[in-house]
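Below is upload-v2.pdb, which holds PDB, C-alpha atoms and all ligand atoms.
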ATOM      1  CA  PRO A  79       3.611  63.867  24.075
ATOM      2  CA  GLU A  80       2.743  61.946  20.928
ATOM      3  CA  TYR A  81       5.687  63.666  19.241
ATOM      4  CA  GLN A  82       8.012  61.201  20.977
ATOM      5  CA  TYR A  83       6.320  58.459  19.038
ATOM      6  CA  LEU A  84       6.277  60.332  15.755
ATOM      7  CA  ASP A  85       9.951  61.237  16.226
ATOM      8  CA  ILE A  86      10.881  57.571  16.509
ATOM      9  CA  MET A  87       8.878  56.829  13.389
ATOM     10  CA  SER A  88      10.513  59.608  11.364
ATOM     11  CA  HIS A  89      13.953  58.621  12.658
ATOM     12  CA  LEU A  90      13.310  55.083  11.384
ATOM     13  CA  LEU A  91      12.236  56.384   7.974
ATOM     14  CA  GLU A  92      15.318  58.580   7.657
ATOM     15  CA  LYS A  93      18.045  56.638   9.400
ATOM     16  CA  GLY A  94      16.714  53.167  10.184
ATOM     17  CA  ASP A  95      18.969  50.227   9.436
ATOM     18  CA  ARG A  96      17.443  48.273   6.580
ATOM     19  CA  ARG A  97      17.510  44.599   7.445
ATOM     20  CA  MET A  98      15.815  41.291   6.867
ATOM     21  CA  ASP A  99      13.889  39.880   9.805
ATOM     22  CA  ARG A 100      12.356  36.645  11.034
ATOM     23  CA  THR A 101       9.059  37.256   9.231
ATOM     24  CA  GLY A 102      10.700  37.782   5.839
ATOM     25  CA  GLU A 103       9.049  41.196   5.511
ATOM     26  CA  GLY A 104      12.117  43.349   6.172
ATOM     27  CA  THR A 105      12.327  46.397   8.444
ATOM     28  CA  LEU A 106      13.988  49.723   9.069
ATOM     29  CA  SER A 107      15.307  49.373  12.569
ATOM     30  CA  THR A 108      16.985  51.187  15.419
ATOM     31  CA  PHE A 109      18.251  49.785  18.703
ATOM     32  CA  GLY A 110      17.317  51.527  21.940
ATOM     33  CA  ALA A 111      14.412  53.971  22.084
ATOM     34  CA  MET A 112      12.481  55.620  24.893
ATOM     35  CA  MET A 113       9.143  57.316  25.446
ATOM     36  CA  ARG A 114       7.859  58.827  28.702
ATOM     37  CA  PHE A 115       4.238  59.688  29.349
ATOM     38  CA  ASP A 116       3.195  61.703  32.361
ATOM     39  CA  LEU A 117      -0.170  60.229  33.318
ATOM     40  CA  SER A 118      -0.580  62.168  36.561
ATOM     41  CA  ASP A 119      -3.281  64.413  35.088
ATOM     42  CA  GLY A 120      -5.347  61.392  34.046
ATOM     43  CA  SER A 121      -4.113  61.404  30.438
ATOM     44  CA  PHE A 122      -4.524  58.294  28.402
ATOM     45  CA  PRO A 123      -1.871  58.013  25.646
ATOM     46  CA  ALA A 124      -4.124  56.824  22.835
ATOM     47  CA  PHE A 125      -2.364  58.316  19.837
ATOM     48  CA  THR A 126      -4.411  60.700  17.753
ATOM     49  CA  THR A 127      -2.637  60.742  14.387
ATOM     50  CA  LYS A 128      -4.502  57.553  13.549
ATOM     51  CA  LYS A 129      -7.474  55.943  15.196
ATOM     52  CA  VAL A 130      -6.253  53.525  17.852
ATOM     53  CA  PHE A 131      -8.579  50.689  18.790
ATOM     54  CA  TRP A 132      -7.854  51.173  22.451
ATOM     55  CA  LYS A 133     -10.646  48.862  23.607
ATOM     56  CA  THR A 134      -9.094  45.962  21.736
ATOM     57  CA  ALA A 135      -5.723  46.776  23.283
ATOM     58  CA  VAL A 136      -7.173  46.990  26.803
ATOM     59  CA  LYS A 137      -9.113  43.751  26.275
ATOM     60  CA  GLU A 138      -5.837  42.075  25.389
ATOM     61  CA  MET A 139      -4.326  43.378  28.656
ATOM     62  CA  LEU A 140      -7.320  42.048  30.629
ATOM     63  CA  TRP A 141      -6.810  38.717  28.907
ATOM     64  CA  PHE A 142      -3.130  38.656  29.949
ATOM     65  CA  LEU A 143      -4.236  39.348  33.530
ATOM     66  CA  THR A 144      -6.597  36.367  33.558
ATOM     67  CA  GLY A 145      -3.595  34.130  32.939
ATOM     68  CA  GLN A 146      -5.213  32.598  29.868
ATOM     69  CA  THR A 147      -3.228  31.741  26.756
ATOM     70  CA  ASN A 148      -5.890  30.425  24.374
ATOM     71  CA  ILE A 149      -7.225  32.720  21.652
ATOM     72  CA  GLN A 150     -10.737  31.334  22.239
ATOM     73  CA  SER A 151     -11.277  33.718  25.149
ATOM     74  CA  LEU A 152      -9.994  36.636  23.056
ATOM     75  CA  LEU A 153     -12.279  35.740  20.171
ATOM     76  CA  LYS A 154     -15.239  35.693  22.583
ATOM     77  CA  GLU A 155     -14.403  39.356  23.155
ATOM     78  CA  ASN A 156     -14.169  39.830  19.397
ATOM     79  CA  VAL A 157     -10.395  40.397  19.541
ATOM     80  CA  LYS A 158      -8.682  38.918  16.502
ATOM     81  CA  ILE A 159      -5.153  40.268  16.766
ATOM     82  CA  TRP A 160      -3.650  36.938  17.849
ATOM     83  CA  THR A 161      -5.375  34.683  15.303
ATOM     84  CA  ASP A 162      -2.628  34.872  12.683
ATOM     85  CA  TRP A 163      -0.137  32.784  14.642
ATOM     86  CA  PRO A 164      -2.323  29.727  15.436
ATOM     87  CA  LEU A 165      -3.806  30.015  11.965
ATOM     88  CA  ALA A 166      -0.364  29.840  10.348
ATOM     89  CA  ALA A 167       0.518  26.849  12.549
ATOM     90  CA  TYR A 168      -2.721  25.096  11.608
ATOM     91  CA  ARG A 169      -2.221  25.666   7.882
ATOM     92  CA  LYS A 170       1.346  24.467   8.092
ATOM     93  CA  ALA A 171       0.463  21.314  10.028
ATOM     94  CA  THR A 172      -2.594  20.287   8.005
ATOM     95  CA  GLY A 173      -1.922  21.812   4.595
ATOM     96  CA  GLU A 174      -5.565  22.940   4.686
ATOM     97  CA  GLU A 175      -6.179  26.376   3.113
ATOM     98  CA  ILE A 176      -8.687  27.384   5.764
ATOM     99  CA  SER A 177      -9.791  31.044   5.861
ATOM    100  CA  GLN A 178      -9.310  33.171   8.954
ATOM    101  CA  ASP A 179     -13.076  33.464   9.473
ATOM    102  CA  VAL A 180     -13.675  29.729   9.311
ATOM    103  CA  PHE A 181     -10.729  29.044  11.603
ATOM    104  CA  GLU A 182     -11.970  31.578  14.152
ATOM    105  CA  LYS A 183     -15.465  30.131  14.024
ATOM    106  CA  ARG A 184     -14.158  26.641  14.745
ATOM    107  CA  VAL A 185     -12.039  27.868  17.652
ATOM    108  CA  LEU A 186     -15.083  29.635  19.086
ATOM    109  CA  GLU A 187     -17.546  26.797  18.651
ATOM    110  CA  ASP A 188     -15.447  23.694  19.172
ATOM    111  CA  ASP A 189     -13.662  23.523  22.538
ATOM    112  CA  ALA A 190     -11.604  20.480  21.603
ATOM    113  CA  PHE A 191     -10.445  22.191  18.417
ATOM    114  CA  ALA A 192      -9.620  25.333  20.434
ATOM    115  CA  ALA A 193      -7.624  23.323  22.958
ATOM    116  CA  LYS A 194      -5.609  21.708  20.173
ATOM    117  CA  TRP A 195      -5.155  24.672  17.810
ATOM    118  CA  GLY A 196      -6.014  27.857  19.685
ATOM    119  CA  ASP A 197      -3.422  27.787  22.417
ATOM    120  CA  LEU A 198      -0.378  30.035  22.130
ATOM    121  CA  GLY A 199       1.661  28.069  24.645
ATOM    122  CA  PRO A 200       3.031  29.535  27.896
ATOM    123  CA  VAL A 201       2.889  33.188  26.749
ATOM    124  CA  TYR A 202       2.325  36.345  28.830
ATOM    125  CA  GLY A 203      -0.651  35.312  30.981
ATOM    126  CA  LYS A 204       0.902  32.017  32.001
ATOM    127  CA  GLN A 205       4.188  33.618  33.025
ATOM    128  CA  TRP A 206       2.548  36.574  34.772
ATOM    129  CA  ARG A 207       0.167  34.501  36.875
ATOM    130  CA  ARG A 208       1.590  30.957  36.970
ATOM    131  CA  TRP A 209       5.368  30.985  36.397
ATOM    132  CA  LEU A 210       6.420  27.405  37.116
ATOM    133  CA  ASP A 211       9.624  26.982  39.115
ATOM    134  CA  ARG A 212      11.923  23.975  39.306
ATOM    135  CA  ASN A 213      10.014  22.551  42.284
ATOM    136  CA  GLY A 214       6.725  22.602  40.416
ATOM    137  CA  VAL A 215       5.475  25.612  42.389
ATOM    138  CA  GLU A 216       3.522  28.274  40.468
ATOM    139  CA  HIS A 217       4.246  31.946  41.126
ATOM    140  CA  ASP A 218       1.669  34.688  40.720
ATOM    141  CA  GLN A 219       3.943  37.594  39.835
ATOM    142  CA  ILE A 220       1.051  40.064  39.650
ATOM    143  CA  GLY A 221      -0.224  39.082  43.101
ATOM    144  CA  ALA A 222       3.289  39.398  44.496
ATOM    145  CA  LEU A 223       3.700  42.821  42.902
ATOM    146  CA  ILE A 224       0.476  44.165  44.438
ATOM    147  CA  HIS A 225       1.470  42.725  47.802
ATOM    148  CA  SER A 226       4.860  44.396  47.642
ATOM    149  CA  LEU A 227       3.365  47.744  46.602
ATOM    150  CA  LYS A 228       1.114  47.585  49.653
ATOM    151  CA  THR A 229       3.690  46.411  52.176
ATOM    152  CA  ASN A 230       7.134  47.460  50.928
ATOM    153  CA  PRO A 231       6.744  50.229  48.328
ATOM    154  CA  THR A 232      10.386  51.377  48.396
ATOM    155  CA  SER A 233      11.467  47.992  47.079
ATOM    156  CA  ARG A 234      13.605  47.953  43.949
ATOM    157  CA  ARG A 235      12.370  44.479  43.139
ATOM    158  CA  MET A 236       8.804  45.257  42.181
ATOM    159  CA  LEU A 237       8.636  43.760  38.734
ATOM    160  CA  PHE A 238       7.247  40.959  36.689
ATOM    161  CA  HIS A 239       8.892  39.259  33.776
ATOM    162  CA  ALA A 240       7.679  37.116  30.894
ATOM    163  CA  TRP A 241      11.002  35.924  29.469
ATOM    164  CA  ASN A 242      10.980  32.422  30.937
ATOM    165  CA  VAL A 243      14.061  30.955  29.300
ATOM    166  CA  GLY A 244      13.053  27.356  29.926
ATOM    167  CA  GLU A 245       9.697  27.706  28.156
ATOM    168  CA  ILE A 246      10.453  30.008  25.235
ATOM    169  CA  ASP A 247      10.566  27.175  22.739
ATOM    170  CA  GLN A 248       6.947  26.264  23.609
ATOM    171  CA  MET A 249       5.603  29.776  22.975
ATOM    172  CA  ALA A 250       3.884  30.715  19.690
ATOM    173  CA  LEU A 251       5.909  33.922  19.943
ATOM    174  CA  PRO A 252       8.429  34.862  22.646
ATOM    175  CA  PRO A 253       7.309  37.901  24.662
ATOM    176  CA  CYS A 254       7.930  41.304  23.068
ATOM    177  CA  HIS A 255       7.109  43.401  26.137
ATOM    178  CA  MET A 256       9.123  41.512  28.690
ATOM    179  CA  THR A 257       9.675  43.339  31.955
ATOM    180  CA  TYR A 258       7.322  45.609  33.861
ATOM    181  CA  GLN A 259       9.019  47.380  36.746
ATOM    182  CA  PHE A 260       7.216  49.593  39.260
ATOM    183  CA  HIS A 261       8.378  52.519  41.351
ATOM    184  CA  VAL A 262       6.687  54.603  44.027
ATOM    185  CA  ALA A 263       7.609  58.246  44.669
ATOM    186  CA  GLY A 264       6.366  60.763  47.212
ATOM    187  CA  LEU A 265       6.125  58.353  50.132
ATOM    188  CA  GLN A 266       7.560  60.796  52.674
ATOM    189  CA  ARG A 267       5.804  63.924  51.517
ATOM    190  CA  GLY A 268       3.298  63.835  54.350
ATOM    191  CA  SER A 269       0.304  64.888  52.316
ATOM    192  CA  GLY A 270      -1.285  63.513  49.198
ATOM    193  CA  ARG A 271      -1.019  60.036  47.765
ATOM    194  CA  PRO A 272       2.216  58.489  46.482
ATOM    195  CA  GLN A 273       2.772  58.325  42.720
ATOM    196  CA  LEU A 274       3.150  54.993  40.997
ATOM    197  CA  SER A 275       5.289  54.784  37.863
ATOM    198  CA  MET A 276       5.915  51.848  35.578
ATOM    199  CA  LEU A 277       8.813  51.128  33.253
ATOM    200  CA  VAL A 278       8.311  48.616  30.467
ATOM    201  CA  ASN A 279      11.168  46.964  28.683
ATOM    202  CA  GLN A 280      10.180  45.787  25.245
ATOM    203  CA  ARG A 281      12.794  43.790  23.358
ATOM    204  CA  SER A 282      11.115  44.089  19.980
ATOM    205  CA  CYS A 283       8.620  46.643  18.788
ATOM    206  CA  ASP A 284       6.569  46.959  15.610
ATOM    207  CA  ILE A 285       6.360  50.729  15.766
ATOM    208  CA  PHE A 286       3.356  51.144  13.459
ATOM    209  CA  LEU A 287       0.964  48.401  14.627
ATOM    210  CA  GLY A 288       2.294  47.245  17.968
ATOM    211  CA  ALA A 289       3.437  50.382  19.799
ATOM    212  CA  PRO A 290       0.095  52.244  19.792
ATOM    213  CA  PHE A 291      -1.577  49.139  21.214
ATOM    214  CA  ASN A 292       1.146  48.448  23.756
ATOM    215  CA  ILE A 293       1.286  52.017  25.063
ATOM    216  CA  CYS A 294      -2.499  52.145  25.585
ATOM    217  CA  GLN A 295      -2.726  48.824  27.317
ATOM    218  CA  GLN A 296       0.277  49.594  29.497
ATOM    219  CA  ALA A 297      -1.284  52.894  30.566
ATOM    220  CA  ALA A 298      -4.439  50.942  31.416
ATOM    221  CA  LEU A 299      -2.415  48.492  33.508
ATOM    222  CA  LEU A 300      -0.718  51.314  35.400
ATOM    223  CA  ALA A 301      -4.131  52.842  36.130
ATOM    224  CA  MET A 302      -5.513  49.522  37.410
ATOM    225  CA  VAL A 303      -2.543  48.769  39.647
ATOM    226  CA  ALA A 304      -2.469  52.341  41.009
ATOM    227  CA  GLN A 305      -6.163  52.117  41.843
ATOM    228  CA  GLN A 306      -5.706  48.770  43.591
ATOM    229  CA  VAL A 307      -2.965  50.134  45.853
ATOM    230  CA  GLN A 308      -4.539  53.578  46.411
ATOM    231  CA  MET A 309      -1.823  55.546  44.641
ATOM    232  CA  ASP A 310      -1.857  58.239  41.986
ATOM    233  CA  ARG A 311      -0.733  57.487  38.452
ATOM    234  CA  GLY A 312       2.779  58.705  37.731
ATOM    235  CA  GLU A 313       4.780  58.124  34.581
ATOM    236  CA  LEU A 314       4.691  55.365  32.022
ATOM    237  CA  ILE A 315       8.220  54.874  30.732
ATOM    238  CA  TRP A 316       8.656  52.716  27.692
ATOM    239  CA  VAL A 317      12.022  51.392  26.572
ATOM    240  CA  GLY A 318      12.366  49.612  23.256
ATOM    241  CA  GLY A 319      15.166  47.318  22.115
ATOM    242  CA  ASP A 320      14.897  46.510  18.403
ATOM    243  CA  THR A 321      12.392  49.163  17.399
ATOM    244  CA  HIS A 322      11.364  48.822  13.788
ATOM    245  CA  LEU A 323       9.140  49.902  10.962
ATOM    246  CA  TYR A 324       8.124  47.085   8.630
ATOM    247  CA  LEU A 325       8.868  47.811   4.980
ATOM    248  CA  ASN A 326       5.213  47.217   4.108
ATOM    249  CA  HIS A 327       4.187  50.017   6.510
ATOM    250  CA  LEU A 328       6.263  52.813   4.945
ATOM    251  CA  ASP A 329       3.416  54.581   3.122
ATOM    252  CA  GLN A 330       1.211  54.334   6.183
ATOM    253  CA  ALA A 331       3.951  55.811   8.379
ATOM    254  CA  LYS A 332       4.471  58.725   5.981
ATOM    255  CA  GLU A 333       0.764  59.407   5.933
ATOM    256  CA  GLN A 334       0.634  59.379   9.717
ATOM    257  CA  LEU A 335       3.615  61.721  10.005
ATOM    258  CA  ALA A 336       1.867  64.264   7.801
ATOM    259  CA  ARG A 337      -0.948  64.586  10.332
ATOM    260  CA  LYS A 338      -1.164  66.989  13.242
ATOM    261  CA  PRO A 339      -1.501  65.451  16.709
ATOM    262  CA  MET A 340      -4.336  66.425  19.028
ATOM    263  CA  ALA A 341      -4.491  66.374  22.833
ATOM    264  CA  PHE A 342      -4.670  62.998  24.562
ATOM    265  CA  PRO A 343      -7.967  61.921  26.093
ATOM    266  CA  LYS A 344      -8.375  61.078  29.796
ATOM    267  CA  LEU A 345      -8.898  57.685  31.346
ATOM    268  CA  VAL A 346     -11.499  57.305  34.061
ATOM    269  CA  LEU A 347     -12.026  54.018  35.881
ATOM    270  CA  ARG A 348     -15.738  53.779  36.506
ATOM    271  CA  ARG A 349     -15.502  51.291  39.354
ATOM    272  CA  GLU A 350     -12.990  49.953  41.834
ATOM    273  CA  PRO A 351     -13.024  46.143  41.729
ATOM    274  CA  ASP A 352     -11.924  44.226  44.828
ATOM    275  CA  GLU A 353      -8.916  42.786  43.087
ATOM    276  CA  ILE A 354      -6.728  43.184  40.012
ATOM    277  CA  ASP A 355      -8.556  40.291  38.310
ATOM    278  CA  GLY A 356     -11.897  42.015  38.665
ATOM    279  CA  TYR A 357     -11.708  44.567  35.838
ATOM    280  CA  ARG A 358     -13.949  44.399  32.785
ATOM    281  CA  ILE A 359     -13.761  46.438  29.618
ATOM    282  CA  ASP A 360     -16.805  48.500  30.650
ATOM    283  CA  ASP A 361     -14.838  49.828  33.614
ATOM    284  CA  PHE A 362     -12.700  51.894  31.239
ATOM    285  CA  GLU A 363     -14.072  55.212  30.149
ATOM    286  CA  VAL A 364     -11.906  57.182  27.762
ATOM    287  CA  VAL A 365     -13.090  60.763  27.764
ATOM    288  CA  GLY A 366     -12.561  63.108  24.838
ATOM    289  CA  TYR A 367     -10.751  60.826  22.411
ATOM    290  CA  GLN A 368     -10.449  62.609  19.093
ATOM    291  CA  SER A 369      -8.284  61.235  16.328
ATOM    292  CA  HIS A 370      -7.552  61.215  12.639
ATOM    293  CA  ASP A 371      -8.901  58.280  10.607
ATOM    294  CA  ARG A 372      -7.694  54.725  10.980
ATOM    295  CA  ILE A 373      -4.777  53.615   8.779
ATOM    296  CA  ASP A 374      -4.849  49.952   7.881
ATOM    297  CA  ALA A 375      -1.680  47.892   7.628
ATOM    298  CA  PRO A 376      -0.927  44.166   7.359
ATOM    299  CA  VAL A 377       0.650  42.417  10.339
ATOM    300  CA  ALA A 378       3.878  40.455   9.833
ATOM    301  CA  VAL A 379       3.520  36.928  11.222
TER     302      VAL A 379
HETATM  303  N1  LIG B 401       3.853  40.905  15.547
HETATM  304  C1  LIG B 401       3.966  41.982  14.756
HETATM  305  N2  LIG B 401       4.607  41.864  13.587
HETATM  306  N3  LIG B 401       3.470  43.183  15.119
HETATM  307  C2  LIG B 401       2.828  43.345  16.314
HETATM  308  O1  LIG B 401       2.374  44.458  16.625
HETATM  309  C3  LIG B 401       2.682  42.237  17.171
HETATM  310  N4  LIG B 401       2.080  42.316  18.410
HETATM  311  C4  LIG B 401       1.376  41.142  18.892
HETATM  312  C5  LIG B 401       2.174  39.990  18.568
HETATM  313  N5  LIG B 401       2.996  39.951  17.519
HETATM  314  C6  LIG B 401       3.195  41.020  16.739
HETATM  315  C7  LIG B 401       0.012  41.114  18.240
HETATM  316  N6  LIG B 401      -0.627  42.377  18.375
HETATM  317  C8  LIG B 401      -2.657  44.445  15.383
HETATM  318  C9  LIG B 401      -2.451  45.019  16.629
HETATM  319  C10 LIG B 401      -1.750  44.322  17.598
HETATM  320  C11 LIG B 401      -1.251  43.052  17.341
HETATM  321  C12 LIG B 401      -1.461  42.482  16.101
HETATM  322  C13 LIG B 401      -2.165  43.166  15.129
HETATM  323  C14 LIG B 401      -3.446  45.152  14.316
HETATM  324  O2  LIG B 401      -3.580  44.665  13.215
HETATM  325  N7  LIG B 401      -4.034  46.326  14.574
HETATM  326  C15 LIG B 401      -4.803  47.070  13.602
HETATM  327  C16 LIG B 401      -6.247  46.630  13.552
HETATM  328  C17 LIG B 401      -6.882  46.427  14.877
HETATM  329  C18 LIG B 401      -8.308  45.928  14.812
HETATM  330  O3  LIG B 401      -8.979  46.054  13.761
HETATM  331  O4  LIG B 401      -8.792  45.424  15.846
HETATM  332  C19 LIG B 401      -4.690  48.564  13.906
HETATM  333  O5  LIG B 401      -5.017  49.366  13.018
HETATM  334  O6  LIG B 401      -4.271  48.913  14.997
HETATM  335  C20 LIG B 401       2.322  43.400  19.306
HETATM  336  O7  LIG B 401       1.962  43.277  20.602
END

Take the structure in this file and express it as C-alpha cells.
Amino acid sequence: PEYQYLDIMSHLLEKGDRRMDRTGEGTLSTFGAMMRFDLSDGSFPAFTTKKVFWKTAVKEMLWFLTGQTNIQSLLKENVKIWTDWPLAAYRKATGEEISQDVFEKRVLEDDAFAAKWGDLGPVYGKQWRRWLDRNGVEHDQIGALIHSLKTNPTSRRMLFHAWNVGEIDQMALPPCHMTYQFHVAGLQRGSGRPQLSMLVNQRSCDIFLGAPFNICQQAALLAMVAQQVQMDRGELIWVGGDTHLYLNHLDQAKEQLARKPMAFPKLVLRREPDEIDGYRIDDFEVVGYQSHDRIDAPVAV
C-alpha cells in the first residue's frame, strides 16, 4: 500500500522534471499521479517509512470542518504548520524581523492582532462551509454532501470544492486539495452496509511533507463521513496534478526510500457524534502505529 507513495517518490528522483517554482526552491515534478487505499478493513494510511504526525494532520482537518480560517484556533491546538504564511506576510508588511515563536505568541494572546495578521483569507474552511454565491447566500457544502448521502446516494454530484475562482486572490494560498467527490457502492446488495469511497483531486502536491499529512487527514474525513451516514469505509483515491519533490528534500527522500515499510495501523472512532462538526481529536484512536523515525525537512513558503 505505501509502495504507491514510495514509487511516486522514486519516480520523481529518477525522472522528475527539474523546474523552478513559485517558492524559488525548485522541484522535481511529474504531472498526474494516483494512489488508492482500500480502507474497508479499518486501515489508516499513516505512512511508516517516517513518523507521520497524524494527530496534527487530523487536527488540521477538524479545523477545516469548523469553517475557521484563522491560525489562532490552530495554534490553540498546538498546530503550527500554517504559521509560515501569515508570518511571511507580517514580516513583509512591517519589515520587523519577528521570530516565529514571538509571532505565534502574539496571535494566541492578542485577538485583535490575530484578526489582523492571523487570518489566511477565504481558504478551505470558508469555502467548505460558507461558499458565498452571487446573491449573498452562503452554502454549506459539507452539510449538503451529508444530506445527499442520506437521501440520494446514487448521485454523481456528491462533492465539495474549494477552488472559488472569485476569491482566490484573497487567499494566503490557493487550495492544493481542491475537490472531494464521494461515491456509494453496494446499495442493492440486500445485506450489509453500503461502502463509501472518496476521490480527492489535488492540483499541487509536496510529496515529502504534504502528501503524508493529506492522505491521513483525508482517510480521517472519509471515516467521519461514513460514520455519520452509517456506511462502511471503502476506498480513498487520491489524484495529484503537479506532484513534486522539493530540491531541498532530496536527501530526506533518499533516506526514506531506503527504509522498509511496515503494515498500516487501524483507525477506530471512539464515539459517534451527532453531527459532522462534533468530532474532537480524542475521538480518533490509531491502533498499532509503528514507524521508522521522523525525518525533518524545511517547508517551502
Ligand atoms: N506548502 C508546501 N510547500 N508544502 C506543503 O506540504 C504545504 N501544505 C500546507 C500548505 N502549503 C504547503 C501546509 N501543510 C508540514 C506539514 C504540512 C504542512 C506544512 C508543513 C510539516 O512541516 N510537517 C513536518 C513537521 C510536522 C510537525 O512537527 O508538526 C513533518 O515532518 O511532517 C500541504 O497541505

#### Entry: ligand LIG 401 (chain B) neighbours within 9 Å using all atoms listed in the file, as JSON, numbers by chain
{"A": [101, 128, 129, 130, 131, 132, 133, 134, 135, 138, 156, 157, 158, 159, 160, 161, 162, 163, 251, 253, 254, 255, 282, 283, 284, 285, 286, 287, 288, 289, 290, 291, 292, 324, 372, 373, 374, 375, 376, 377, 378, 379]}

With distances taken over all atoms listed in the file, the candidate from A:Ala124, A:Leu91, A:Ile220, A:Leu186 nearest Leu152 of chain A is A:Leu186

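With distances restricted to only C-alpha atoms, A:Cys294 is the closest residue to Thr126 of chain A from A:Leu347, A:Ala171, A:Cys294, A:Leu265.
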
Apply the PyMOL selection byres (((chain A and resi 165) around 9) and not hetatm) to the displayed file and report the matching residues as a ChimeraX atom specification.
-> /A:161-164,166-170,176-178,181-182,195-196

Counting all atoms listed in the file, closest pick from A:Thr108, A:Gln308, A:Gln82, A:Met87 relative to Leu335 of chain A is A:Met87

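Relative to atom CA of Ile354 of chain A, atom CA of Met112 of chain A is found at 27.4 Å.
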